[in-house]
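Asks: There's a structure below that I have some questions on.
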Amino acid sequence: MKIGVLRETAPGEARVAATPETVKKFVGLGATVTVEQGAGNGAAIADSAYADAGATLAPRAGVIADADILLGIQGPAPDSLSGIKSGAWLAAGLNPFGERARVDAYAALGIEALAMEFMPRITRAQSMDILSSQANLSGYKAVLDAAAEYGRAFPMMMTAAGTVSAARVFVMGVGVAGLQAIATARRLGAQVSATDVRSATKEQILSLGAKPIFVEAVKGIEGEGSGGYATEMSDEYKAAQAELVSSHIAKQDIVITTALIPGRPAPRLISDAQIASMRPGSVIVDLAVESGGNVEGSVAGEVVTIHGVKIVGHKNVASRLAADASALFSRNLFNFLSAFWDKEAGKPVLDEEIGTAIRLTHGGKVVNERLLAS
């Protein structure tokens, strides 16, 4: 069983899909591992560290040749996979809805494309979930990005010259990224509040020492979709939430938005009028900017100023913590493959539940029901 680790070619992508730690573990399973030369440079991992862990270093063609499984962070360009053998697996974050043409090209190559972001949110797959591991770091980094742009301190400081007030931070969307943003802002000494369409998150917000901001007038709307994701809300709830948020957001120094709906554009949470209600020098970090943005006027890859408010729209936030993000992503991949490793066959054999969920292509065709239904 030959496992190949690809060097990422997407602009700004510094992560790598295997580390010396996971290479050693794959070798322990009986696999041979070939790493593309320079694959770990962005994550501060030298080629020699991979060699010491038991991997072979090779140019891309040597990694692809005879590989049974290719590992990546983002889906590689199909024309860069020349020479890949039919039936080989490609396991990475493949952005199936946003890159449908690329998925079709993978099918034409005869490979089995496995979208790691389609991993079902079930207990036994938690250690394989790349969305959670990367969102955790993104939530942390979002607070640091906000602090870097904010011209004031986060904690309350009592000095001989007077008192500095604590920053007021509002987190919108309390998934994995939102929870980490709350925790990080609290560690830095801010006054933190948060909101979400899922009523079950209220206890999580309170447990982190933040103030929950929830619509109480509209009952019976949970906002809980399948697998723990948020879902689209009714017009009645949206109107009530907009009214509540508008009154709250005007008092905030920093707002961090994290709301995503799988397979759909990010919901609009903050309007231009709401931005205008904030005081100049405030900061908004839009973690959903690459999916259309939660904030009106946010621009992917840029920090823009609207009505005196800085709106941060960094792309691929997890990659800005490349070493830790790579360590977690690579463990997700190892946990996934090792969980299905058949010792007698010397290779992983997927079960129906997880295999059907993440498999995009098989036998030259696109087979994933979520893609076929879109």
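Order determines the names: the first chain of the structure tokens is A, the second B, and so forth; residues in each chain are numbered 1 upward, and ligands are numbered 1 upward as they are shown.
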Leaving out Gln74 of chain A and any residue of its chain fewer than 6 positions from it, which residues lie within 10 Å of it when counting only C-alpha atoms, given as a PDB file with C-alpha atoms, in the first residue's frame?
Replies:
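After the write, around-v9.pdb holds the following:
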```
ATOM      1  CA  LEU A   6       1.056  16.033  -2.238  1.00  0.00           C
ATOM      2  CA  ARG A   7       2.578  19.486  -2.009  1.00  0.00           C
ATOM      3  CA  GLU A   8      -0.191  22.096  -2.018  1.00  0.00           C
ATOM      4  CA  THR A   9      -0.334  24.432  -5.001  1.00  0.00           C
ATOM      5  CA  ALA A  10      -3.317  26.657  -4.136  1.00  0.00           C
ATOM      6  CA  GLU A  13      -2.011  27.387   1.203  1.00  0.00           C
ATOM      7  CA  ARG A  15      -0.564  23.446   5.245  1.00  0.00           C
ATOM      8  CA  VAL A  16       0.515  19.890   4.477  1.00  0.00           C
ATOM      9  CA  ALA A  17      -1.552  16.695   4.682  1.00  0.00           C
ATOM     10  CA  ALA A  91      -8.502  12.056   0.323  1.00  0.00           C
ATOM     11  CA  ALA A  92      -8.561  15.816   0.932  1.00  0.00           C
ATOM     12  CA  GLY A  93     -10.823  18.800   1.421  1.00  0.00           C
ATOM     13  CA  LEU A  94     -12.332  18.825  -2.050  1.00  0.00           C
ATOM     14  CA  ASN A  95     -14.927  21.652  -1.841  1.00  0.00           C
ATOM     15  CA  ALA A 115     -14.252  14.586   0.408  1.00  0.00           C
ATOM     16  CA  MET A 116     -13.129  14.804   4.006  1.00  0.00           C
TER      17      MET A 116
END
```
Asks: Do you have, as JSON lines, the list of residues of segment 171-212 of chain A lying at most 12 Å from segment 279-287 of chain A, each with its nearest atom pair and that distance in Å to one decimal, counting only C-alpha atoms and ordered by chain then number?
Replies:
```
{"residue": "A:Val171", "atom": "CA", "partner": "A:Val285", "partner_atom": "CA", "distance": 9.6}
{"residue": "A:Met172", "atom": "CA", "partner": "A:Asp286", "partner_atom": "CA", "distance": 9.8}
{"residue": "A:Gly173", "atom": "CA", "partner": "A:Leu287", "partner_atom": "CA", "distance": 10.2}
{"residue": "A:Gly175", "atom": "CA", "partner": "A:Leu287", "partner_atom": "CA", "distance": 11.9}
{"residue": "A:Ala177", "atom": "CA", "partner": "A:Leu287", "partner_atom": "CA", "distance": 8.8}
{"residue": "A:Gly178", "atom": "CA", "partner": "A:Leu287", "partner_atom": "CA", "distance": 9.7}
{"residue": "A:Ala181", "atom": "CA", "partner": "A:Val285", "partner_atom": "CA", "distance": 10.8}
```
Asks: Please produce a file of the residues just selected, as a PDB file, in the first residue's frame, where the atoms kept are N, CA and C atoms.
Replies:
```pdb
ATOM      1  N   VAL A 171     -19.851  37.420  19.403  1.00  0.00           N
ATOM      2  CA  VAL A 171     -19.618  36.311  18.481  1.00  0.00           C
ATOM      3  C   VAL A 171     -20.957  35.842  17.917  1.00  0.00           C
ATOM      4  N   MET A 172     -21.057  35.812  16.592  1.00  0.00           N
ATOM      5  CA  MET A 172     -22.289  35.405  15.923  1.00  0.00           C
ATOM      6  C   MET A 172     -22.069  34.059  15.245  1.00  0.00           C
ATOM      7  N   GLY A 173     -22.731  33.038  15.754  1.00  0.00           N
ATOM      8  CA  GLY A 173     -22.536  31.677  15.266  1.00  0.00           C
ATOM      9  C   GLY A 173     -21.677  30.907  16.250  1.00  0.00           C
ATOM     10  N   GLY A 175     -20.691  27.615  16.587  1.00  0.00           N
ATOM     11  CA  GLY A 175     -20.209  26.279  16.267  1.00  0.00           C
ATOM     12  C   GLY A 175     -18.828  26.116  16.869  1.00  0.00           C
ATOM     13  N   ALA A 177     -15.876  27.045  15.653  1.00  0.00           N
ATOM     14  CA  ALA A 177     -15.099  28.287  15.548  1.00  0.00           C
ATOM     15  C   ALA A 177     -15.602  29.321  16.542  1.00  0.00           C
ATOM     16  N   GLY A 178     -16.912  29.445  16.658  1.00  0.00           N
ATOM     17  CA  GLY A 178     -17.486  30.430  17.562  1.00  0.00           C
ATOM     18  C   GLY A 178     -17.154  30.155  19.011  1.00  0.00           C
ATOM     19  N   ALA A 181     -13.646  31.117  19.592  1.00  0.00           N
ATOM     20  CA  ALA A 181     -13.530  32.579  19.601  1.00  0.00           C
ATOM     21  C   ALA A 181     -13.975  33.139  20.951  1.00  0.00           C
TER      22      ALA A 181
END
```
Asks: Go through segment 86-172 of chain A and collect every residue that DSSP, computed from the backbone, puts in alpha helix (DSSP H); the answer should be as an NGL selection string.
Replies: :A and (100-109 or 130-149)
Asks: Atom CA of Ser127 of chain A and atom CA of Gly40 of chain A, how far apart in Å?
Replies: 22.3 Å
Asks: Please give the complete set of residues from segment 132-320 of chain A that DSSP, run on the backbone, assigns to strand (DSSP E or B), formatted as a count of residues only.
Replies: 38
Asks: Select, from A:Leu269, A:Leu81, A:Ala18, A:Met158, the residue with the minimum atom-to-atom distance to Ser298 of chain A, counting only C-alpha atoms.
Replies: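 Ranking A:Leu269, A:Leu81, A:Ala18, A:Met158 by distance to Ser298 of chain A, first place goes to A:Leu269.
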Asks: Measuring between only C-alpha atoms, which one of A:Ile256, A:Ile213, A:Leu360, A:Ala322 shows the shortest distance to Ala242 of chain A?
Replies: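 Closest to Ala242 of chain A of all the choices is A:Ile213.
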Asks: Would you list the contacts of Val367 of chain A as a PyMOL selection string, taking every protein, DNA or RNA residue within 10 Å and counting only C-alpha atoms, but skipping same-chain residues closer than 6 positions in sequence?
Replies: chain A and resi 107+112+356+359-361
Asks: Keeping only C-alpha atoms, write the selected residues to a file as a compact mmCIF listing (two decimals), in the first residue's frame.
Replies:
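Once written, result.txt looks like this:
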```
# COMPACT_ATOMS: atom_id res chain seq x y z
CA ALA A 107 -14.39 10.92 -12.12
CA GLU A 112 -12.07 7.53 -6.05
CA THR A 356 -21.15 6.53 1.17
CA ARG A 359 -17.16 9.17 -1.59
CA LEU A 360 -17.68 11.57 -4.50
CA THR A 361 -16.56 9.47 -7.46
```
Asks: One number please: atom CA of Asp145 of chain A to atom CA of Pro212 of chain A, in Å, one decimal.
Replies: 22.9 Å
Asks: Of the residues A:Gly62, A:Lys25, A:Ala142, A:Pro20, which is the one nearest to Tyr50 of chain A, using only C-alpha atoms?
Replies: A:Pro20
Asks: To one decimal place, how far is atom CA of Val366 of chain A from atom CA of Ile73 of chain A in Å?
Replies: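 Calculated distance between atom CA of Val366 of chain A and atom CA of Ile73 of chain A is 20.7 Å.
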Asks: If you count only C-alpha atoms, which residues fall within 12 Å of segment 262-268 of chain A, apart from same-chain ones fewer than 3 positions away, as a CSV table (one decimal) with N, CA and C atoms, in the first residue's frame?
Replies:
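To be explicit, this is the file written out as result14.csv:
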```csv
chain,number,residue,atom,x,y,z
A,95,ASN,N,-14.0,20.6,-1.5
A,95,ASN,CA,-14.9,21.7,-1.8
A,95,ASN,C,-15.9,21.2,-2.9
A,96,PRO,N,-16.7,20.1,-2.7
A,96,PRO,CA,-17.5,19.5,-3.8
A,96,PRO,C,-18.5,20.5,-4.4
A,97,PHE,N,-19.1,21.3,-3.6
A,97,PHE,CA,-20.2,22.2,-4.2
A,97,PHE,C,-19.5,23.3,-4.9
A,98,GLY,N,-18.4,23.9,-4.4
A,98,GLY,CA,-17.8,25.0,-5.1
A,98,GLY,C,-16.9,24.6,-6.3
A,99,GLU,N,-16.5,23.4,-6.4
A,99,GLU,CA,-15.6,22.9,-7.4
A,99,GLU,C,-16.2,21.7,-8.1
A,100,ARG,N,-17.4,21.8,-8.5
A,100,ARG,CA,-18.1,20.6,-9.1
A,100,ARG,C,-17.4,20.2,-10.4
A,117,GLU,N,-14.5,16.8,4.1
A,117,GLU,CA,-15.5,17.7,4.7
A,117,GLU,C,-16.9,17.2,4.7
A,118,PHE,N,-17.1,16.1,4.0
A,118,PHE,CA,-18.4,15.4,4.0
A,118,PHE,C,-18.5,14.3,5.1
A,131,LEU,N,-13.3,19.6,9.4
A,131,LEU,CA,-14.0,20.9,9.5
A,131,LEU,C,-13.9,21.4,11.0
A,172,MET,N,-21.1,35.8,16.6
A,172,MET,CA,-22.3,35.4,15.9
A,172,MET,C,-22.1,34.1,15.2
A,173,GLY,N,-22.7,33.0,15.8
A,173,GLY,CA,-22.5,31.7,15.3
A,173,GLY,C,-21.7,30.9,16.2
A,197,VAL,N,-28.6,30.6,16.1
A,197,VAL,CA,-30.0,30.2,15.8
A,197,VAL,C,-30.4,28.9,16.5
A,225,GLY,N,-30.1,21.8,12.1
A,225,GLY,CA,-30.2,21.0,11.0
A,225,GLY,C,-29.6,19.6,11.2
A,226,SER,N,-29.4,18.8,10.2
A,226,SER,CA,-28.9,17.5,10.3
A,226,SER,C,-27.4,17.6,10.7
A,227,GLY,N,-26.9,16.7,11.5
A,227,GLY,CA,-25.5,16.6,11.9
A,227,GLY,C,-25.0,17.7,12.7
A,228,GLY,N,-26.0,18.5,13.4
A,228,GLY,CA,-25.5,19.5,14.3
A,228,GLY,C,-25.3,20.9,13.6
A,229,TYR,N,-25.5,21.0,12.3
A,229,TYR,CA,-25.3,22.2,11.6
A,229,TYR,C,-26.5,23.1,11.7
A,230,ALA,N,-26.3,24.4,11.6
A,230,ALA,CA,-27.5,25.3,11.5
A,230,ALA,C,-28.2,25.2,10.2
A,231,THR,N,-29.4,25.5,10.2
A,231,THR,CA,-30.2,25.5,9.0
A,231,THR,C,-30.8,26.8,8.7
A,232,GLU,N,-31.4,27.0,7.6
A,232,GLU,CA,-32.1,28.3,7.2
A,232,GLU,C,-33.2,28.6,8.1
A,233,MET,N,-33.4,29.8,8.5
A,233,MET,CA,-34.4,30.2,9.5
A,233,MET,C,-35.6,30.8,8.7
A,238,LYS,N,-35.9,35.6,11.3
A,238,LYS,CA,-34.9,36.5,10.8
A,238,LYS,C,-35.2,37.9,11.2
A,241,GLN,N,-34.6,38.3,14.9
A,241,GLN,CA,-33.1,38.3,15.2
A,241,GLN,C,-32.4,39.6,14.8
A,242,ALA,N,-32.8,40.1,13.6
A,242,ALA,CA,-32.2,41.3,13.1
A,242,ALA,C,-32.5,42.5,14.0
A,257,THR,N,-18.1,36.9,13.1
A,257,THR,CA,-19.1,36.1,12.5
A,257,THR,C,-18.6,34.8,11.9
A,258,THR,N,-19.3,33.7,12.2
A,258,THR,CA,-18.8,32.4,11.8
A,258,THR,C,-19.9,31.5,11.2
A,259,ALA,N,-21.0,32.1,10.8
A,259,ALA,CA,-22.2,31.3,10.3
A,259,ALA,C,-22.0,30.7,8.9
A,271,SER,N,-25.8,44.0,8.2
A,271,SER,CA,-26.1,44.9,7.1
A,271,SER,C,-25.2,46.1,7.2
A,272,ASP,N,-25.2,46.9,6.1
A,272,ASP,CA,-24.5,48.1,6.0
A,272,ASP,C,-25.0,49.1,7.1
A,274,GLN,N,-26.2,48.3,10.0
A,274,GLN,CA,-25.7,47.9,11.3
A,274,GLN,C,-24.3,48.2,11.5
A,286,ASP,N,-15.0,38.5,9.5
A,286,ASP,CA,-16.0,37.7,8.8
A,286,ASP,C,-15.3,36.4,8.4
A,287,LEU,N,-15.5,35.3,9.2
A,287,LEU,CA,-14.9,34.0,8.9
A,287,LEU,C,-15.6,33.3,7.8
A,288,ALA,N,-16.7,33.8,7.3
A,288,ALA,CA,-17.5,33.1,6.2
A,288,ALA,C,-17.2,33.9,4.9
A,289,VAL,N,-16.2,34.7,4.9
A,289,VAL,CA,-16.1,35.6,3.7
A,289,VAL,C,-15.9,34.8,2.4
A,290,GLU,N,-15.3,33.6,2.5
A,290,GLU,CA,-15.0,32.9,1.2
A,290,GLU,C,-16.3,32.2,0.7
A,291,SER,N,-17.3,32.1,1.5
A,291,SER,CA,-18.6,31.5,1.1
A,291,SER,C,-19.7,32.6,0.9
A,292,GLY,N,-19.2,33.8,0.6
A,292,GLY,CA,-20.2,34.8,0.3
A,292,GLY,C,-20.3,35.9,1.4
A,293,GLY,N,-19.8,35.5,2.6
A,293,GLY,CA,-19.7,36.5,3.6
A,293,GLY,C,-21.0,36.7,4.5
A,294,ASN,N,-20.8,36.8,5.8
A,294,ASN,CA,-21.9,37.1,6.7
A,294,ASN,C,-22.1,38.6,6.8
A,295,VAL,N,-21.1,39.4,6.3
A,295,VAL,CA,-21.1,40.8,6.5
A,295,VAL,C,-21.2,41.6,5.2
A,296,GLU,N,-22.2,42.5,5.1
A,296,GLU,CA,-22.3,43.2,3.8
A,296,GLU,C,-21.0,44.1,3.6
A,297,GLY,N,-20.4,44.0,2.5
A,297,GLY,CA,-19.2,44.7,2.1
A,297,GLY,C,-17.9,44.1,2.4
A,298,SER,N,-17.9,42.9,3.1
A,298,SER,CA,-16.7,42.2,3.3
A,298,SER,C,-16.1,41.7,2.0
A,370,ARG,N,-25.5,13.8,-2.3
A,370,ARG,CA,-25.6,15.2,-2.1
A,370,ARG,C,-25.2,16.1,-3.3
A,371,LEU,N,-24.2,15.6,-4.0
A,371,LEU,CA,-23.8,16.3,-5.3
A,371,LEU,C,-24.9,16.1,-6.4
A,373,ALA,N,-27.9,15.6,-6.1
A,373,ALA,CA,-29.2,16.3,-5.8
A,373,ALA,C,-29.1,17.8,-5.9
A,374,SER,N,-27.9,18.3,-6.0
A,374,SER,CA,-27.7,19.8,-6.0
A,374,SER,C,-27.9,20.3,-7.4
```
